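**Q** Following this line is upload-v2.txt, made up of compact mmCIF, C-alpha atoms and all ligand atoms:
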```
# COMPACT_ATOMS: atom_id res chain seq x y z
CA MET C 17 -74.71 -104.30 -142.03
CA THR C 18 -73.88 -101.73 -139.40
CA GLU C 19 -71.03 -99.35 -140.15
CA VAL C 20 -68.56 -98.95 -137.30
CA PHE C 21 -66.70 -95.66 -136.98
CA GLU C 22 -63.46 -95.05 -135.18
CA PHE C 23 -62.52 -91.48 -134.29
CA ASP C 24 -59.53 -89.97 -132.63
CA ASN C 25 -60.97 -86.47 -132.33
CA TRP C 26 -64.45 -85.16 -131.66
CA SER C 27 -64.38 -82.83 -134.70
CA GLN C 28 -64.58 -85.90 -136.94
CA PHE C 29 -67.61 -87.11 -135.02
CA THR C 30 -69.42 -83.76 -135.11
CA GLU C 31 -68.72 -83.40 -138.84
CA THR C 32 -70.13 -86.80 -139.78
CA HIS C 33 -72.62 -87.88 -137.06
CA TRP C 34 -73.59 -85.44 -134.28
CA GLN C 35 -77.18 -84.44 -135.10
CA ARG C 36 -76.64 -85.80 -138.63
CA ARG C 37 -76.89 -89.58 -138.78
CA PRO C 38 -76.87 -92.73 -136.62
CA GLY C 39 -73.83 -94.92 -136.25
CA VAL C 40 -71.83 -97.30 -134.10
CA LEU C 41 -68.75 -95.72 -132.58
CA ARG C 42 -65.79 -97.68 -131.40
CA THR C 43 -63.30 -95.08 -130.36
CA PRO C 44 -60.72 -94.35 -127.70
CA LEU C 45 -62.58 -91.09 -127.05
CA THR C 46 -65.60 -92.91 -125.62
CA ALA C 47 -63.51 -95.25 -123.43
CA PRO C 48 -63.71 -93.14 -120.21
CA MET C 49 -67.43 -93.99 -119.94
CA LEU C 50 -66.65 -97.70 -119.71
CA GLU C 51 -64.56 -97.33 -116.58
CA PRO C 52 -66.76 -96.13 -113.70
CA ASP C 53 -68.07 -98.69 -111.22
CA TYR C 54 -71.72 -98.66 -112.34
CA PHE C 55 -72.79 -101.27 -109.82
CA SER C 56 -71.74 -99.13 -106.86
CA ALA C 57 -73.46 -96.08 -108.45
CA LEU C 58 -76.60 -98.19 -108.79
CA VAL C 59 -76.40 -99.36 -105.17
CA THR C 60 -76.01 -95.74 -104.01
CA ALA C 61 -79.04 -94.73 -106.11
CA ALA C 62 -81.07 -97.60 -104.61
CA ASP C 63 -79.98 -96.71 -101.04
CA ASP C 64 -80.91 -93.05 -101.58
CA TRP C 65 -84.26 -94.09 -103.04
CA LEU C 66 -84.94 -96.35 -100.05
CA GLY C 67 -83.87 -93.56 -97.69
CA GLY C 68 -86.31 -91.12 -99.35
CA LYS C 69 -83.46 -88.82 -100.36
CA LEU C 70 -84.24 -88.45 -104.07
CA VAL C 71 -85.62 -85.13 -105.30
CA ARG C 72 -87.47 -87.10 -107.98
CA PRO C 73 -88.29 -90.57 -106.59
CA ARG C 74 -89.30 -91.80 -110.05
CA ASP C 75 -85.67 -91.52 -111.11
CA VAL C 76 -85.41 -95.11 -109.88
CA ARG C 77 -87.98 -97.39 -111.51
CA MET C 78 -88.39 -101.07 -112.24
CA LEU C 79 -90.42 -102.68 -114.98
CA MET C 80 -91.46 -106.30 -115.14
CA GLY C 81 -93.43 -107.93 -117.94
CA ASP C 82 -95.79 -105.27 -119.27
CA GLY C 83 -95.96 -103.04 -116.21
CA GLU C 84 -94.11 -100.93 -113.73
CA VAL C 85 -93.30 -102.49 -110.34
CA LYS C 86 -95.22 -100.66 -107.62
CA SER C 87 -92.95 -98.64 -105.36
CA ASN C 88 -94.01 -100.58 -102.26
CA SER C 89 -92.86 -103.84 -103.91
CA MET C 90 -89.53 -102.55 -105.17
CA ALA C 91 -87.28 -102.81 -102.09
CA PRO C 92 -86.38 -106.53 -102.34
CA LEU C 93 -85.69 -106.19 -106.07
CA LEU C 94 -83.27 -103.26 -105.82
CA PRO C 95 -79.52 -103.79 -106.04
CA ARG C 96 -77.64 -104.01 -102.77
CA ALA C 97 -73.97 -104.23 -101.91
CA GLU C 98 -74.34 -107.93 -100.92
CA ASP C 99 -75.12 -108.79 -104.55
CA GLY C 100 -71.43 -108.25 -105.16
CA ASP C 101 -71.60 -107.11 -108.76
CA MET C 102 -73.96 -106.26 -111.59
CA SER C 103 -74.14 -109.73 -113.12
CA GLN C 104 -74.99 -111.39 -109.79
CA TYR C 105 -77.65 -108.75 -109.16
CA ILE C 106 -79.15 -109.35 -112.61
CA ARG C 107 -79.10 -113.09 -111.97
CA ARG C 108 -80.89 -112.69 -108.61
CA VAL C 109 -83.72 -110.59 -110.01
CA GLY C 110 -83.88 -112.69 -113.18
CA GLN C 111 -84.67 -115.81 -111.10
CA TYR C 112 -87.59 -113.96 -109.58
CA ALA C 113 -88.81 -112.19 -112.73
CA HIS C 114 -88.74 -115.15 -115.15
CA GLY C 115 -88.13 -113.05 -118.23
CA ASP C 116 -88.68 -109.50 -119.29
CA TRP C 117 -87.59 -107.00 -116.63
CA HIS C 118 -85.35 -104.01 -116.16
CA ILE C 119 -84.29 -101.34 -113.74
CA VAL C 120 -84.03 -97.75 -115.01
CA VAL C 121 -82.13 -95.06 -113.13
CA ASN C 122 -82.19 -91.47 -114.37
CA SER C 123 -79.56 -88.89 -113.50
CA LEU C 124 -77.14 -91.64 -112.49
CA GLN C 125 -74.27 -89.13 -112.68
CA GLN C 126 -75.41 -87.62 -109.36
CA PHE C 127 -74.40 -90.84 -107.57
CA SER C 128 -70.84 -91.17 -108.82
CA TRP C 129 -68.02 -88.67 -109.18
CA PRO C 130 -66.04 -90.94 -111.58
CA LEU C 131 -69.12 -91.29 -113.81
CA PHE C 132 -69.84 -87.54 -113.69
CA ARG C 133 -66.23 -86.79 -114.67
CA ALA C 134 -66.20 -89.33 -117.51
CA ALA C 135 -69.47 -87.99 -118.92
CA LYS C 136 -68.26 -84.41 -118.53
CA GLU C 137 -65.08 -85.15 -120.45
CA ILE C 138 -67.00 -86.69 -123.36
CA LEU C 139 -69.73 -84.05 -123.53
CA ASP C 140 -67.25 -81.21 -123.19
CA GLY C 141 -65.28 -82.65 -126.13
CA ILE C 142 -68.42 -82.88 -128.27
CA TYR C 143 -69.81 -79.44 -127.36
CA ARG C 144 -66.45 -77.76 -128.01
CA ALA C 145 -66.13 -79.49 -131.38
CA ALA C 146 -69.74 -78.73 -132.31
CA GLY C 147 -69.26 -75.10 -131.27
CA SER C 148 -72.47 -74.98 -129.21
CA VAL C 149 -74.20 -76.50 -126.23
CA PRO C 150 -77.74 -77.81 -126.88
CA ALA C 151 -80.57 -75.80 -125.36
CA GLY C 152 -81.94 -78.50 -123.09
CA LEU C 153 -80.58 -80.48 -120.17
CA THR C 154 -78.21 -83.40 -120.29
CA ASP C 155 -78.81 -86.55 -118.31
CA CYS C 156 -77.28 -89.97 -117.85
CA HIS C 157 -79.63 -92.97 -117.66
CA LEU C 158 -78.78 -96.57 -116.86
CA ILE C 159 -80.86 -99.53 -117.97
CA ALA C 160 -80.09 -103.06 -116.76
CA GLY C 161 -82.07 -106.27 -116.97
CA ALA C 162 -83.38 -108.59 -119.64
CA TYR C 163 -85.80 -107.44 -122.33
CA GLY C 164 -88.30 -109.63 -124.07
CA GLU C 165 -87.52 -110.67 -127.60
CA ALA C 166 -90.05 -108.53 -129.46
CA PRO C 167 -89.00 -105.07 -130.66
CA THR C 168 -90.05 -102.18 -128.40
CA ARG C 169 -92.47 -99.60 -129.71
CA ILE C 170 -91.20 -97.20 -132.40
CA HIS C 171 -90.83 -93.72 -130.93
CA LYS C 172 -88.77 -90.58 -130.96
CA ASP C 173 -87.50 -88.58 -128.01
CA THR C 174 -86.38 -84.97 -127.85
CA ALA C 175 -82.83 -86.00 -127.02
CA THR C 176 -79.77 -86.94 -128.97
CA VAL C 177 -78.54 -90.17 -127.38
CA MET C 178 -75.24 -91.96 -127.05
CA THR C 179 -75.85 -95.51 -125.80
CA PHE C 180 -72.81 -97.12 -124.18
CA VAL C 181 -73.21 -100.89 -124.16
CA LEU C 182 -71.65 -102.22 -120.94
CA SER C 183 -72.68 -105.85 -121.28
CA GLY C 184 -74.90 -107.97 -123.49
CA LYS C 185 -75.96 -106.95 -126.98
CA LYS C 186 -78.09 -104.04 -128.13
CA ARG C 187 -79.75 -103.53 -131.46
CA PHE C 188 -81.74 -100.46 -132.47
CA TYR C 189 -83.64 -99.82 -135.66
CA THR C 190 -83.58 -96.14 -136.59
CA TRP C 191 -85.43 -94.05 -139.16
CA PRO C 192 -84.97 -90.40 -140.17
CA PHE C 193 -87.73 -88.04 -139.02
CA GLU C 194 -89.22 -87.61 -142.53
CA ALA C 195 -89.48 -91.37 -143.10
CA LEU C 196 -92.18 -92.00 -140.47
CA VAL C 197 -93.60 -88.57 -139.59
CA GLN C 198 -96.77 -89.32 -141.56
CA TYR C 199 -97.70 -91.95 -138.92
CA SER C 200 -97.62 -89.41 -136.07
CA ARG C 201 -100.87 -87.97 -134.70
CA THR C 202 -99.09 -85.60 -132.28
CA PRO C 203 -98.99 -81.89 -133.19
CA ASP C 204 -95.44 -80.61 -133.69
CA PRO C 205 -93.83 -84.08 -133.49
CA LEU C 206 -90.32 -82.66 -133.98
CA HIS C 207 -90.43 -81.05 -130.54
CA HIS C 208 -92.23 -83.80 -128.62
CA GLN C 209 -91.69 -87.33 -127.44
CA VAL C 210 -93.93 -89.35 -129.79
CA ASN C 211 -94.89 -93.04 -129.80
CA LEU C 212 -96.09 -94.54 -133.07
CA ASP C 213 -98.86 -97.12 -133.33
CA ILE C 214 -97.47 -98.98 -136.28
CA ASP C 215 -96.33 -102.52 -136.78
CA PHE C 216 -92.55 -102.70 -136.76
CA ARG C 217 -92.61 -105.17 -139.68
CA GLU C 218 -94.25 -102.61 -141.99
CA VAL C 219 -91.24 -100.30 -141.90
CA ALA C 220 -88.36 -102.56 -140.82
CA ASP C 221 -86.87 -102.71 -144.32
CA GLN C 222 -86.36 -98.91 -144.38
CA ALA C 223 -84.46 -98.84 -141.09
CA THR C 224 -80.81 -98.18 -140.45
CA VAL C 225 -79.71 -100.75 -137.87
CA VAL C 226 -77.23 -99.81 -135.19
CA GLU C 227 -76.09 -102.70 -133.06
CA GLY C 228 -73.21 -103.41 -130.78
CA GLN C 229 -71.88 -105.22 -127.76
CA ALA C 230 -69.83 -104.35 -124.69
CA GLY C 231 -67.55 -101.41 -125.48
CA ASP C 232 -69.58 -100.13 -128.45
CA VAL C 233 -71.43 -96.84 -128.49
CA LEU C 234 -74.65 -96.55 -130.45
CA TYR C 235 -75.60 -93.07 -131.57
CA TRP C 236 -78.65 -91.45 -133.13
CA PRO C 237 -79.67 -87.80 -133.56
CA SER C 238 -82.56 -86.29 -131.62
CA ASP C 239 -85.05 -86.33 -134.51
CA TYR C 240 -84.61 -90.04 -135.35
CA TRP C 241 -87.38 -92.58 -134.75
CA HIS C 242 -86.06 -95.71 -133.11
CA CYS C 243 -86.96 -98.98 -131.40
CA GLY C 244 -84.85 -101.54 -129.61
CA GLU C 245 -84.66 -105.26 -130.12
CA SER C 246 -83.13 -107.82 -127.82
CA ASP C 247 -82.34 -111.52 -127.75
CA GLY C 248 -83.75 -111.73 -124.23
CA SER C 249 -80.38 -112.14 -122.54
CA PRO C 250 -79.14 -109.88 -119.71
CA HIS C 251 -77.74 -106.50 -120.67
CA VAL C 252 -76.55 -103.26 -119.13
CA SER C 253 -76.34 -99.98 -120.98
CA VAL C 254 -75.79 -96.39 -120.00
CA HIS C 255 -77.17 -93.52 -122.05
CA LEU C 256 -75.95 -89.95 -122.36
CA ALA C 257 -79.01 -88.03 -123.47
CA THR C 258 -78.81 -84.38 -124.43
CA TYR C 259 -82.19 -82.74 -124.76
CA THR C 260 -82.36 -80.32 -127.63
CA ASP C 261 -85.65 -78.80 -126.62
CA ASN C 262 -86.06 -75.94 -124.17
CA ASN C 263 -89.23 -74.30 -125.30
CA VAL C 264 -89.81 -71.11 -123.32
CA ALA C 265 -93.48 -70.91 -124.24
CA ARG C 266 -94.08 -74.42 -122.91
CA THR C 267 -92.16 -73.67 -119.71
CA LEU C 268 -94.30 -70.57 -119.15
CA ASP C 269 -97.47 -72.58 -119.82
CA SER C 270 -96.52 -75.08 -117.17
CA LEU C 271 -95.60 -72.30 -114.72
CA VAL C 272 -98.98 -70.67 -115.22
CA SER C 273 -100.88 -73.90 -114.69
CA THR C 274 -98.81 -74.68 -111.58
CA ALA C 275 -99.48 -71.19 -110.22
CA LEU C 276 -103.21 -71.50 -110.92
CA SER C 277 -103.50 -74.85 -109.22
CA GLU C 278 -101.45 -73.57 -106.24
CA LEU C 279 -103.73 -70.56 -105.88
CA LYS C 280 -106.75 -72.84 -105.56
CA SER C 281 -105.19 -74.77 -102.71
CA ASP C 282 -105.77 -74.06 -99.04
CA HIS C 283 -102.29 -73.09 -97.96
CA TRP C 284 -102.64 -69.68 -99.61
CA LEU C 285 -105.58 -68.99 -97.35
CA ASP C 286 -103.51 -69.96 -94.31
CA GLY C 287 -100.57 -67.90 -95.48
CA PHE C 288 -102.68 -64.76 -95.84
CA ALA C 289 -104.93 -65.30 -92.85
CA TYR C 290 -108.08 -65.42 -94.95
CA PRO C 291 -110.84 -64.48 -94.40
CA PRO C 292 -111.30 -62.32 -91.27
CA GLN C 293 -108.15 -60.18 -91.39
CA VAL C 294 -107.76 -59.72 -95.12
CA GLY C 295 -111.27 -59.08 -96.30
CA GLY C 296 -112.27 -59.08 -99.93
CA GLY C 297 -112.23 -62.85 -100.26
CA PRO C 298 -109.88 -65.23 -102.03
CA ASP C 299 -109.44 -62.98 -105.07
CA VAL C 300 -107.76 -60.27 -103.00
CA ALA C 301 -105.60 -62.82 -101.20
CA ALA C 302 -104.66 -64.34 -104.52
CA ASP C 303 -103.84 -60.93 -106.04
CA LYS C 304 -101.63 -60.04 -103.09
CA ALA C 305 -99.89 -63.39 -103.26
CA MET C 306 -99.29 -63.03 -106.97
CA ALA C 307 -98.01 -59.44 -106.62
CA SER C 308 -95.58 -60.53 -103.94
CA ILE C 309 -94.35 -63.47 -106.02
CA LEU C 310 -93.86 -61.27 -109.08
CA MET C 311 -91.93 -58.71 -107.04
CA ASP C 312 -89.64 -61.43 -105.63
CA VAL C 313 -89.18 -62.92 -109.04
CA ALA C 314 -88.41 -59.58 -110.69
CA GLU C 315 -85.89 -58.60 -108.02
CA GLY C 316 -84.07 -61.90 -107.88
CA LEU C 317 -84.36 -62.93 -111.49
CA PRO C 318 -81.12 -61.54 -112.98
CA THR C 319 -79.00 -62.99 -110.18
CA ARG C 320 -80.80 -66.29 -110.14
CA SER C 321 -80.59 -66.72 -113.88
CA GLN C 322 -76.90 -65.81 -113.80
CA ALA C 323 -76.27 -68.44 -111.12
CA LYS C 324 -78.30 -71.00 -113.05
CA ARG C 325 -76.43 -70.30 -116.29
CA LEU C 326 -73.07 -70.69 -114.53
CA ARG C 327 -74.23 -73.82 -112.72
CA ARG C 328 -75.30 -75.47 -115.99
CA ALA C 329 -72.25 -74.27 -117.95
CA SER C 330 -69.85 -75.62 -115.33
CA ALA C 331 -71.63 -79.01 -115.40
CA VAL C 332 -71.98 -79.49 -119.21
CA ASN C 333 -75.76 -78.98 -118.83
CA PHE C 334 -76.28 -81.67 -116.18
CA GLU C 335 -78.88 -80.49 -113.70
CA PHE C 336 -78.22 -83.16 -111.10
CA VAL C 337 -74.58 -83.38 -110.06
CA PRO C 338 -72.79 -85.30 -107.31
CA GLY C 339 -73.01 -83.60 -103.92
CA GLN C 340 -70.11 -81.75 -102.37
CA ARG C 341 -67.66 -84.00 -100.57
CA GLY C 342 -65.14 -83.41 -97.80
CA SER C 343 -62.15 -81.38 -98.92
CA ALA C 344 -58.75 -83.06 -98.96
CA PHE C 345 -56.98 -79.81 -99.74
CA SER C 346 -54.32 -78.80 -97.25
CA GLY C 347 -51.29 -78.05 -99.42
CA GLU C 348 -49.53 -74.91 -100.58
CA ARG C 349 -50.11 -75.54 -104.28
CA ALA C 350 -53.53 -75.57 -105.85
CA VAL C 351 -54.05 -77.15 -109.27
CA VAL C 352 -57.22 -77.10 -111.36
CA ASP C 353 -57.82 -79.26 -114.43
CA GLU C 354 -57.00 -76.90 -117.30
CA ARG C 355 -59.88 -78.23 -119.39
CA PHE C 356 -62.37 -77.31 -116.67
CA PRO C 357 -61.26 -73.99 -115.18
CA VAL C 358 -63.09 -72.46 -112.25
CA MET C 359 -65.79 -70.21 -113.75
CA PHE C 360 -66.26 -66.82 -112.13
CA GLU C 361 -68.25 -63.69 -112.88
CA ARG C 362 -69.20 -60.51 -111.04
CA GLY C 363 -72.85 -60.53 -109.93
CA VAL C 364 -75.10 -58.94 -112.58
CA ASP C 365 -76.88 -56.77 -110.05
CA ASP C 366 -74.09 -56.53 -107.48
CA ASP C 367 -70.53 -56.16 -108.70
CA LYS C 368 -69.14 -56.50 -105.17
CA THR C 369 -70.09 -60.17 -105.29
CA LEU C 370 -68.30 -62.82 -107.27
CA LEU C 371 -70.08 -65.97 -108.40
CA LEU C 372 -67.89 -69.06 -108.66
CA ALA C 373 -69.08 -72.17 -110.44
CA VAL C 374 -67.42 -75.58 -110.26
CA ASN C 375 -69.04 -78.81 -111.52
CA GLY C 376 -72.54 -77.46 -111.04
CA HIS C 377 -71.86 -76.05 -107.57
CA VAL C 378 -72.06 -72.29 -107.18
CA SER C 379 -70.67 -70.14 -104.39
CA ARG C 380 -71.13 -66.41 -103.89
CA VAL C 381 -68.18 -64.63 -102.27
CA PRO C 382 -67.26 -60.98 -101.63
CA CYS C 383 -65.24 -59.68 -104.57
CA LEU C 384 -62.02 -58.68 -102.82
CA PRO C 385 -59.67 -56.56 -104.99
CA TRP C 386 -57.18 -59.33 -105.70
CA LEU C 387 -59.60 -62.23 -106.06
CA GLU C 388 -60.13 -62.17 -109.83
CA ASP C 389 -56.36 -61.99 -110.43
CA PHE C 390 -55.87 -64.94 -108.13
CA LEU C 391 -58.54 -67.04 -109.89
CA THR C 392 -57.04 -66.16 -113.28
CA ALA C 393 -53.62 -67.28 -111.97
CA LEU C 394 -55.19 -70.52 -110.69
CA ASN C 395 -56.88 -71.23 -114.03
CA THR C 396 -53.77 -70.59 -116.09
CA ALA C 397 -51.09 -72.05 -113.82
CA GLY C 398 -50.98 -75.37 -115.69
CA PRO C 399 -50.08 -78.70 -114.17
CA SER C 400 -47.63 -77.23 -111.65
CA GLY C 401 -50.47 -75.23 -110.08
CA VAL C 402 -50.23 -71.99 -108.19
CA ASP C 403 -48.32 -71.65 -104.93
CA TYR C 404 -51.01 -69.56 -103.35
CA ARG C 405 -49.16 -68.36 -100.26
CA ALA C 406 -46.21 -67.19 -102.37
CA HIS C 407 -48.67 -65.60 -104.83
CA PHE C 408 -49.95 -63.27 -102.11
CA GLY C 409 -46.47 -62.61 -100.79
CA ARG C 410 -45.70 -61.14 -104.20
CA THR C 411 -48.90 -59.22 -104.85
CA LEU C 412 -50.09 -57.87 -101.50
CA ARG C 413 -48.85 -55.70 -98.68
CA GLN C 414 -47.64 -57.66 -95.64
CA SER C 415 -50.67 -56.58 -93.59
CA GLU C 416 -53.08 -57.97 -96.20
CA VAL C 417 -51.39 -61.32 -96.73
CA ALA C 418 -52.70 -63.20 -93.67
CA GLN C 419 -56.28 -62.13 -94.36
CA ALA C 420 -55.99 -63.06 -98.04
CA VAL C 421 -54.46 -66.44 -97.31
CA ALA C 422 -57.27 -67.29 -94.88
CA ALA C 423 -59.97 -66.21 -97.36
CA VAL C 424 -58.38 -68.09 -100.23
CA ALA C 425 -57.83 -71.25 -98.19
CA GLN C 426 -61.58 -71.28 -97.55
CA LEU C 427 -62.28 -70.65 -101.23
CA LEU C 428 -59.95 -73.45 -102.29
CA ARG C 429 -61.70 -75.84 -99.94
CA PHE C 430 -65.00 -75.00 -101.67
CA ILE C 431 -63.43 -75.58 -105.11
CA ASP C 432 -61.95 -78.85 -103.89
CA SER C 433 -65.18 -80.12 -102.31
CA ALA C 434 -66.95 -79.37 -105.60
CA GLY C 435 -64.44 -81.60 -107.39
CA GLY C 436 -62.51 -78.76 -109.03
CA LEU C 437 -59.00 -79.26 -107.61
CA VAL C 438 -56.62 -81.83 -108.99
CA HIS C 439 -54.45 -83.51 -106.40
CA PRO C 440 -51.03 -84.14 -107.94
FE FE C 501 -85.88 -93.66 -126.89
```
Could I get this file's structure written as structure tokens?
Ligand SMILES: [Fe+2]
**A**
Amino acid sequence: MTEVFEFDNWSQFTETHWQRRPGVLRTPLTAPMLEPDYFSALVTAADDWLGGKLVRPRDVRMLMGDGEVKSNSMAPLLPRAEDGDMSQYIRRVGQYAHGDWHIVVNSLQQFSWPLFRAAKEILDGIYRAAGSVPAGLTDCHLIAGAYGEAPTRIHKDTATVMTFVLSGKKRFYTWPFEALVQYSRTPDPLHHQVNLDIDFREVADQATVVEGQAGDVLYWPSDYWHCGESDGSPHVSVHLATYTDNNVARTLDSLVSTALSELKSDHWLDGFAYPPQVGGGPDVAADKAMASILMDVAEGLPTRSQAKRLRRASAVNFEFVPGQRGSAFSGERAVVDERFPVMFERGVDDDKTLLLAVNGHVSRVPCLPWLEDFLTALNTAGPSGVDYRAHFGRTLRQSEVAQAVAAVAQLLRFIDSAGGLVHP
């Protein structure tokens, strides 16, 4: 029988479960993730996919029976506003699919500010309680459809996963890493996604079952083997996956192979006017190209890695975040959510520049003498906010006030458009 845990603070969860053991959570702390309008996020994702706007088109995929639906057949099967809601969409595709099908959307948080905020609140609570942020990226996946009735293949990922059941029932069988590692043929299985070729029935009796229905959250640590089972009825679930792996050696390996394959391609020859003007053949062109890349990389690296670190830190490790929106800010008082202050740092290689990070959006602004004081005041003002015009009246000479107010109004509009201002 599955144990159900109720928590009222994330410290309890990190002490008993986070990266320790699987469980079913039914807790007020997870409730914010049940509120966003997932159907409209899904419709936005589908529209962006159809409009060719996705950085990674495979973030929207559909599977039917044993295979993936080809991208040129997907359009009529994608959700659209006329479906009305998730259950009517699932019914429409179900009539066509006759059985096992689902739609998978990765990085769903980029399509919905309410979802991004809910996920941020939960992850921030966990990371604070755990005292550290995992090395890898965080992502939010949605799966909707109807599975077949056989268990899926036993596998492990490199992510710790919280599965929020939105509708239908979900059951997962989970096993600790040591229990099934002998069946893996992959080198270093702890740090890789691994599928096992074993019959579920052989090991089912050793599994810890986590199952739940709408409102429940199923959790398992990143090193647990798992497989899902379904009764074939429609279901929707959303998954907060936090990848624990960020292997530098593997990243460098992939950079080197990308660079090598790029160097073989023709556009380098175009770029360096090979052969008549350069002379010395492709090796010289390649050497020059590589030297120039390395120089660029070396010069820009500290700043770029600083910006990347701030971007990730301000977005609880999400890489894809909702785009900036129009700013509604026009008032005298500016209020930020105290839990998510505006992050700011002087540039590592240029201390006349200030980097500001809000919800994964980064802006670089000149570091005027009063700016850091103002941002500190904004972050610590509490729910009443800071009256920014009065703030400058108190701290600056008359001649400086107008200039400061104009600069800060622009800054506040950036913070607002990145979702950082709270409108009382
Ligand atoms: Fe998985």
**Q** Can you work out which one of C:Arg96, C:His33, C:His255, C:Arg362 has the shortest atom-to-atom distance to ligand FE 501 (chain C), counting only C-alpha atoms and all ligand atoms?
**A**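 Closest residue, counting only C-alpha atoms and all ligand atoms: C:His255.
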**Q** With all atoms listed in the file as the counted atoms, please give the residues lying no more than 10 Å from C:Ala420, apart from itself and same-chain residues fewer than 3 positions off, as a ChimeraX atom specification.
**A** /C:384,386-387,404-405,408-409,412,415-417,423-426
**Q** If you count only C-alpha atoms and all ligand atoms, which residues end up within 8 Å of ligand FE 501 (chain C), as a list in words?
**A**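 Protein and nucleic-acid residues within 8 Å of ligand FE 501 (chain C): His171, Lys172, Asp173, His242 and Cys243 of chain C.
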**Q** Between atom CA of C:Thr18 and atom CA of C:Phe216, what is the distance in Å, rounded to a tenth?
**A**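 Rounded to one decimal, the two atoms are 18.9 Å apart.
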**Q** Rank nothing, just name the residue among C:Thr43, C:Ser148, C:Asn122, C:Gln35 nearest to C:Val76, using all atoms listed in the file.
**A**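 Closest residue, counting all atoms listed in the file: C:Asn122.
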**Q** Which residue, C:Asn375, C:Thr319, C:Arg429, C:Ile106, has the smallest gap to C:Gly347 when you use all atoms listed in the file?
**A** C:Arg429
**Q** Set up a box along x, y and z of the file covering all listed atoms of stretch 392-402 of chain C, add 5 Å on every one of the six sides, and write the centre and edge lengths in Å to one decimal, as AutoDock Vina command-line options.
**A**
```
--center_x -52.3 --center_y -72.4 --center_z -112.1 --size_x 19.4 --size_y 22.5 --size_z 17.9
```
**Q** What is the atom CA of C:Tyr163 to atom CA of C:Gly248 distance in Å?
**A**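 Those two atoms sit 5.1 Å apart.
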**Q** Which is closer to C:Gly67 than all the others in C:Ile170, C:Ala91, C:Val352, C:Ala97, using all atoms listed in the file?
**A**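 Nearest to C:Gly67: C:Ala91.
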**Q** Any idea what's packed within 8 Å of C:Thr46, counting only C-alpha atoms, ignoring anything in its chain fewer than 4 positions away? Could you give it as number ranges by chain?
**A** C: 42, 50, 138, 233
**Q** Residues around (-80.6, -86.1, -127.2), cut-off 6 Å, counting all atoms listed in the file - what are they as a PDB file with C-alpha atoms, in the frame of the given file?
**A**
```
ATOM      1  CA  THR C 174     -86.380 -84.970-127.850  1.00  0.00           C
ATOM      2  CA  ALA C 175     -82.830 -86.000-127.020  1.00  0.00           C
ATOM      3  CA  THR C 176     -79.770 -86.940-128.970  1.00  0.00           C
ATOM      4  CA  VAL C 177     -78.540 -90.170-127.380  1.00  0.00           C
ATOM      5  CA  SER C 238     -82.560 -86.290-131.620  1.00  0.00           C
ATOM      6  CA  ALA C 257     -79.010 -88.030-123.470  1.00  0.00           C
ATOM      7  CA  THR C 258     -78.810 -84.380-124.430  1.00  0.00           C
ATOM      8  CA  TYR C 259     -82.190 -82.740-124.760  1.00  0.00           C
TER       9      TYR C 259
END
```
**Q** Could you state the separation of atom CA of C:Gly244 and atom CA of C:Val85 in Å, given to one decimal place?
**A**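 Atom CA of C:Val85 lies 21.1 Å from atom CA of C:Gly244.
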**Q** With 9 Å as the threshold, what does the neighbourhood of (-81.6, -89.5, -110.0) contain in terms of residues, counting only C-alpha atoms? Coordinates are those of the file; answer as a PDB file with C-alpha atoms, in the coordinates of the input.
**A**
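Saved result, out-v2.pdb, follows:
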```pdb
ATOM      1  CA  ALA C  61     -79.040 -94.730-106.110  1.00  0.00           C
ATOM      2  CA  TRP C  65     -84.260 -94.090-103.040  1.00  0.00           C
ATOM      3  CA  LEU C  70     -84.240 -88.450-104.070  1.00  0.00           C
ATOM      4  CA  VAL C  71     -85.620 -85.130-105.300  1.00  0.00           C
ATOM      5  CA  ARG C  72     -87.470 -87.100-107.980  1.00  0.00           C
ATOM      6  CA  PRO C  73     -88.290 -90.570-106.590  1.00  0.00           C
ATOM      7  CA  ARG C  74     -89.300 -91.800-110.050  1.00  0.00           C
ATOM      8  CA  ASP C  75     -85.670 -91.520-111.110  1.00  0.00           C
ATOM      9  CA  VAL C  76     -85.410 -95.110-109.880  1.00  0.00           C
ATOM     10  CA  VAL C 121     -82.130 -95.060-113.130  1.00  0.00           C
ATOM     11  CA  ASN C 122     -82.190 -91.470-114.370  1.00  0.00           C
ATOM     12  CA  SER C 123     -79.560 -88.890-113.500  1.00  0.00           C
ATOM     13  CA  LEU C 124     -77.140 -91.640-112.490  1.00  0.00           C
ATOM     14  CA  GLN C 125     -74.270 -89.130-112.680  1.00  0.00           C
ATOM     15  CA  GLN C 126     -75.410 -87.620-109.360  1.00  0.00           C
ATOM     16  CA  PHE C 127     -74.400 -90.840-107.570  1.00  0.00           C
ATOM     17  CA  CYS C 156     -77.280 -89.970-117.850  1.00  0.00           C
ATOM     18  CA  HIS C 157     -79.630 -92.970-117.660  1.00  0.00           C
ATOM     19  CA  PHE C 336     -78.220 -83.160-111.100  1.00  0.00           C
TER      20      PHE C 336
END
```
**Q** In terms of the shortest atom-to-atom distance over all atoms listed in the file, which of C:Ala223, C:Leu139, C:Leu371, C:Ala393 is closest to C:Phe334?
**A**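 Of all the options, C:Leu139 lies closest to C:Phe334.
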**Q** Rank nothing, just name the residue among C:Gly363, C:Pro382, C:Gly100, C:Pro357 nearest to C:Gln322, using all atoms listed in the file.
**A**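 Answer, going by the shortest atom-to-atom distance: C:Gly363.
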**Q** Residues at most 12 Å from C:Gly342, counting only C-alpha atoms, excluding those fewer than 5 positions away in the same chain, as a PyMOL selection string?
**A** chain C and resi 429-435
